[in-house]
Amino acid sequence: MNAVALRCSDLTVRFGDRVAVDAVSVDVAPGEWLGLIGPNGAGKSSLLGALAGIHDYEGLAHQGPGEPITRRDVAYVPQLPVVPEGMTVAEYVLLGRTAYLGWFDRESAADRAIVASVLGRLRLDGFAARPLTELSGGEQQRVAVARALVHDAPVLLLDEPTSALDLGHQNAVLELVDGLRREEELTVVAAMHVRSTASRFADRLALIDHGRLVALGSPAEVLQADVLSEIYATPLVVERLAGEIVVLPAPRRRTRRSPIVGTER
Amino acid sequence: MTSTASAAAAEPESATDLAVGRAFRLPAAALAVGIVAVAAVAVFSATQGAAGLPVGGVLSAIFDRVPMLGIDSTLSERQESILFEIRLPRMVLGMLVGGSLAMAGAAYQGVFRNPLADPYLLGVSAGAGLGAVLALGFDLDVGWGPFDAVSAAAFVGALVAVSLSAAIARGPGSSPATLLLAGVAMAALFSASQTFALQRLSDTRAREVLSWLFGQLNTSGWEQVWVLGPYFVVCGLILVLHRRHLDVMRVGDDEAASLGLDPARARLVIVIAASVLTAAAVAVSGLIAFVGLVVPHIVRLLVGSSYRAIVPLSALFGAAFLGFVDVGARTVLSPAELPVGVITAFVGAPFFAFILWRGKAVAA
């Protein structure tokens, strides 16, 4: 159990004077799904951004054998992918090969073959020639996952990839990623919503608050009502529902009704 | 089952394979159309003018100069000198300027992810204008080599304005919005200085400056072609070599970085190449409006949104467009000349308005 797919040591991200990620250290095992949870602005996206090569960071981010991560080691699915006007699905997914191209290289036939096979695997066959802008939000998110798969990296980073989707599409995208994780032995690090999906898919959860790693462990260990209530600054309850751990806002306390009923709207 | 499997193996060109194979490709048909357009405009331009030259004569005179073809020119000596000393240099210059501006415009639209970007965006026009006003109006003699004083001053002014824009934005690689706004600030500053300087001039001098500002392709032999040519070749090659980066940058800096491209470095190279190319074009021809904005959009409507196609095709269609329009500048009011910038705006603006009115997507 000593194998490590991704190791962060004292990883720190600063934006000017603000410390967005504060000395986070965590090891992720190959094939593991690590869920990042925490309130808005806690630093989940900044941590993923640092690993994805978007933000500069201090400290270490290593892949398995102790080498610093490169752009070939991690693929990234953004929260709201940019959808360029007029770009076809095939073109968009082909961008996933960028990390393998030298400054003046062009995509080879092999790169294109990888794209065609991934499109087939994600059942996006019929979409290849269509402009991205014509697709629904859920389809666009699947295409973004396809681009990340074409990136062909052992670690997949997801930044709340489902926050713009309805429940059904959320679940479909996460199921898709989970299936791919098992088939391809991908390691997944995903910022997730604490309320619905975190415990269903993640093997372990990392609770982040004010840039710091507050708790790390199995969903049962991390999802503690008192800790979460304090960090999210609202009363929360943790329930078990059909074997899954569910976090919900605490039921509202019934306030006594106003004696003058007529003023209620 | 086996038969379907082998049929699939023998038939690899599924719709997906076709779409993936076509992704980011320069369509051969569009390339052919561009080349034919340039050739047709070249013949048209060479034969039209105060002294009409026959098509056969023009072709024979050109092929006469190609060794080992054994074709003799059918033009008279005077016609030959009109062709080679007046008409061809001007035609080639017009095409180089048109190709340069259109290619630089396409690059700017990509780098700034902004459909309104044109080559004059970062203050090139205002800087060049100020330089020209100073040189023309105040006899500032900064000419060197093949550059005369006005060209040299315009070239320097353009590069100073762009460099200042980039310096304010802390480098040509910084975020598109900052660079763009810095360009707006510099353009305003240089335009104001230019207006101030213009006011100090006599009427004749001011007219001279204004006619330069509107853009013109008056040539004296091949000199300007040799000035712009090297910039066109070197900067154009750099832009063509970076057209894949422009496609990656369409998803924004963050995603481009996560995919493995260094967007700041790519933007630095592309902005420098496009700005130097624009400055060189402005130095030999003044400010020719609309070519850099409209031509890339026309190309986009023809071949789609990939910069793999847009950058090289903009060079071809820009060359054909300005070459064609310049025939009008030379002949419409003959023997007087219209500034070609006036015609590009007259032709370009309504055409652009028509495209917008038809509701076709215009996106960078």
# chains A, B, ... in the order shown; residues from 1 in each chain; ligands from 1
call {"tool": "closest_atom_pairs", "arguments": {"of": "chain B", "to": "chain A", "cutoff": "9 Å", "atoms": "only C-alpha atoms", "output": "tab-separated table"}}
result
residue	atom	partner	partner_atom	distance
B:Ala15	CA	A:Gly126	CA	7.6
B:Thr16	CA	A:Ala128	CA	5.5
B:Asp17	CA	A:Ala116	CA	5.9
B:Leu18	CA	A:Ala129	CA	8.4
B:Ala19	CA	A:Ala129	CA	5.1
B:Val20	CA	A:Ala90	CA	5.1
B:Gly21	CA	A:Arg112	CA	6.6
B:Arg22	CA	A:Ala90	CA	8.6
B:Ala23	CA	A:Glu91	CA	5.0
B:Phe24	CA	A:Glu91	CA	6.3
B:Leu241	CA	A:Phe104	CA	6.5
B:His242	CA	A:Phe104	CA	7.3
B:Arg244	CA	A:Arg106	CA	7.6
B:His245	CA	A:Trp103	CA	8.5
B:Asp247	CA	A:Leu95	CA	8.3
B:Val248	CA	A:Leu95	CA	6.4
B:Arg250	CA	A:Pro84	CA	6.0
B:Val251	CA	A:Val82	CA	5.3
B:Gly252	CA	A:Val82	CA	6.9
B:Asp253	CA	A:Ile54	CA	8.2
B:Asp254	CA	A:Ile54	CA	5.4
B:Glu255	CA	A:Pro78	CA	7.5
B:Ala256	CA	A:Ile54	CA	8.6
B:Ala257	CA	A:Ile54	CA	5.6
B:Ser258	CA	A:Ala52	CA	5.0
B:Leu259	CA	A:Thr98	CA	5.8
B:Gly260	CA	A:Ala99	CA	4.5
B:Leu261	CA	A:Thr98	CA	6.9
B:Gly304	CA	A:Gly86	CA	6.7
B:Ser305	CA	A:Gly86	CA	5.5
B:Ser306	CA	A:Met87	CA	7.2
B:Ala361	CA	A:Glu85	CA	8.3
B:Val362	CA	A:Glu85	CA	8.7
B:Ala363	CA	A:Glu85	CA	6.2
B:Ala364	CA	A:Glu85	CA	7.4
call {"tool": "write_last_selection", "arguments": {"atoms": "C-alpha atoms", "output": "compact mmCIF listing (two decimals), in the first residue's frame"}}
result
# COMPACT_ATOMS: atom_id res chain seq x y z
CA ALA B 15 -18.02 9.44 -39.86
CA THR B 16 -16.02 9.86 -36.67
CA ASP B 17 -12.73 9.06 -38.37
CA LEU B 18 -13.57 11.54 -41.10
CA ALA B 19 -14.45 14.29 -38.63
CA VAL B 20 -11.33 13.62 -36.58
CA GLY B 21 -9.21 13.49 -39.70
CA ARG B 22 -10.61 16.81 -40.84
CA ALA B 23 -10.13 18.52 -37.47
CA PHE B 24 -7.87 21.58 -37.69
CA LEU B 241 4.22 28.18 -37.40
CA HIS B 242 2.21 29.28 -34.36
CA ARG B 244 -1.73 25.56 -33.73
CA HIS B 245 -1.08 27.56 -30.55
CA ASP B 247 -6.25 27.08 -31.70
CA VAL B 248 -5.20 25.85 -28.25
CA ARG B 250 -9.19 29.47 -27.91
CA VAL B 251 -10.09 27.60 -24.71
CA GLY B 252 -8.57 30.37 -22.59
CA ASP B 253 -5.27 30.67 -20.77
CA ASP B 254 -6.14 28.40 -17.83
CA GLU B 255 -7.27 25.44 -19.88
CA ALA B 256 -4.47 25.98 -22.41
CA ALA B 257 -1.96 25.81 -19.54
CA SER B 258 -3.57 22.65 -18.19
CA LEU B 259 -3.35 21.09 -21.65
CA GLY B 260 0.38 21.75 -21.76
CA LEU B 261 0.76 24.99 -23.69
CA GLY B 304 -14.66 27.70 -40.22
CA SER B 305 -13.01 28.78 -37.06
CA SER B 306 -9.66 26.96 -36.96
CA ALA B 361 -21.65 34.05 -36.29
CA VAL B 362 -18.62 36.28 -36.14
CA ALA B 363 -16.43 34.90 -33.43
CA ALA B 364 -12.74 34.76 -32.83
call {"tool": "select_by_dssp", "arguments": {"residues": "region 73-214 of chain A", "states": "strand (DSSP E or B)", "output": "PyMOL selection string"}}
result
chain A and resi 74-77+88+131+155-159+187-191+204-209+212-214
call {"tool": "closest_residue", "arguments": {"among": "A:Leu135, A:Leu207, A:Leu165, A:Val145", "to": "Val118 (chain A)", "atoms": "only C-alpha atoms"}}
result
A:Val145
call {"tool": "residues_around", "arguments": {"residues": "region 57-73 of chain B", "least_positions_apart": "5", "cutoff": "10 Å", "atoms": "only C-alpha atoms", "output": "list in words"}}
result
Val43, Ala46, Thr47, Gln79, Glu80, Leu83 and Phe84 of chain B
call {"tool": "write_last_selection", "arguments": {"atoms": "C-alpha atoms", "output": "PDB file, in the first residue's frame"}}
result
ATOM      1  CA  VAL B  43      -3.275  39.465 -64.031  1.00  0.00           C
ATOM      2  CA  ALA B  46      -1.067  44.131 -64.324  1.00  0.00           C
ATOM      3  CA  THR B  47      -3.285  44.775 -67.332  1.00  0.00           C
ATOM      4  CA  GLN B  79       5.155  48.893 -72.164  1.00  0.00           C
ATOM      5  CA  GLU B  80       7.743  46.662 -70.538  1.00  0.00           C
ATOM      6  CA  LEU B  83       4.946  46.793 -66.399  1.00  0.00           C
ATOM      7  CA  PHE B  84       8.187  46.143 -64.570  1.00  0.00           C
TER       8      PHE B  84
END
call {"tool": "closest_residue", "arguments": {"among": "A:Ile231, A:Leu223, A:Leu34, A:Leu213", "to": "Asp10 (chain A)", "atoms": "only C-alpha atoms"}}
result
A:Leu213
call {"tool": "residues_around", "arguments": {"residues": "Pro219 (chain A)", "least_positions_apart": "2", "cutoff": "8 Å", "atoms": "only C-alpha atoms", "output": "list in words"}}
result
Ala198, Ser199, Ala202, Asp203, Arg204, Leu205, Gly217, Glu221, Val222, Leu223 and Ile245 of chain A
call {"tool": "write_last_selection", "arguments": {"atoms": "C-alpha atoms", "output": "PDB file, in the first residue's frame"}}
result
ATOM      1  CA  ALA A 198     -18.828  13.144  -2.221  1.00  0.00           C
ATOM      2  CA  SER A 199     -19.334   9.978  -0.248  1.00  0.00           C
ATOM      3  CA  ALA A 202     -14.730   9.060  -3.195  1.00  0.00           C
ATOM      4  CA  ASP A 203     -12.590   6.485  -1.390  1.00  0.00           C
ATOM      5  CA  ARG A 204     -11.255   9.220   0.847  1.00  0.00           C
ATOM      6  CA  LEU A 205     -12.214  12.806   1.459  1.00  0.00           C
ATOM      7  CA  GLY A 217      -9.907  10.037   5.791  1.00  0.00           C
ATOM      8  CA  GLU A 221     -14.413   9.638   9.289  1.00  0.00           C
ATOM      9  CA  VAL A 222     -14.473  13.043   7.641  1.00  0.00           C
ATOM     10  CA  LEU A 223     -18.197  13.657   7.417  1.00  0.00           C
ATOM     11  CA  ILE A 245     -23.597   8.938   3.945  1.00  0.00           C
TER      12      ILE A 245
END
call {"tool": "atom_distance", "arguments": {"atom1": "CA of Trp33 (chain A)", "atom2": "CA of Val173 (chain A)"}}
result
14.6 Å
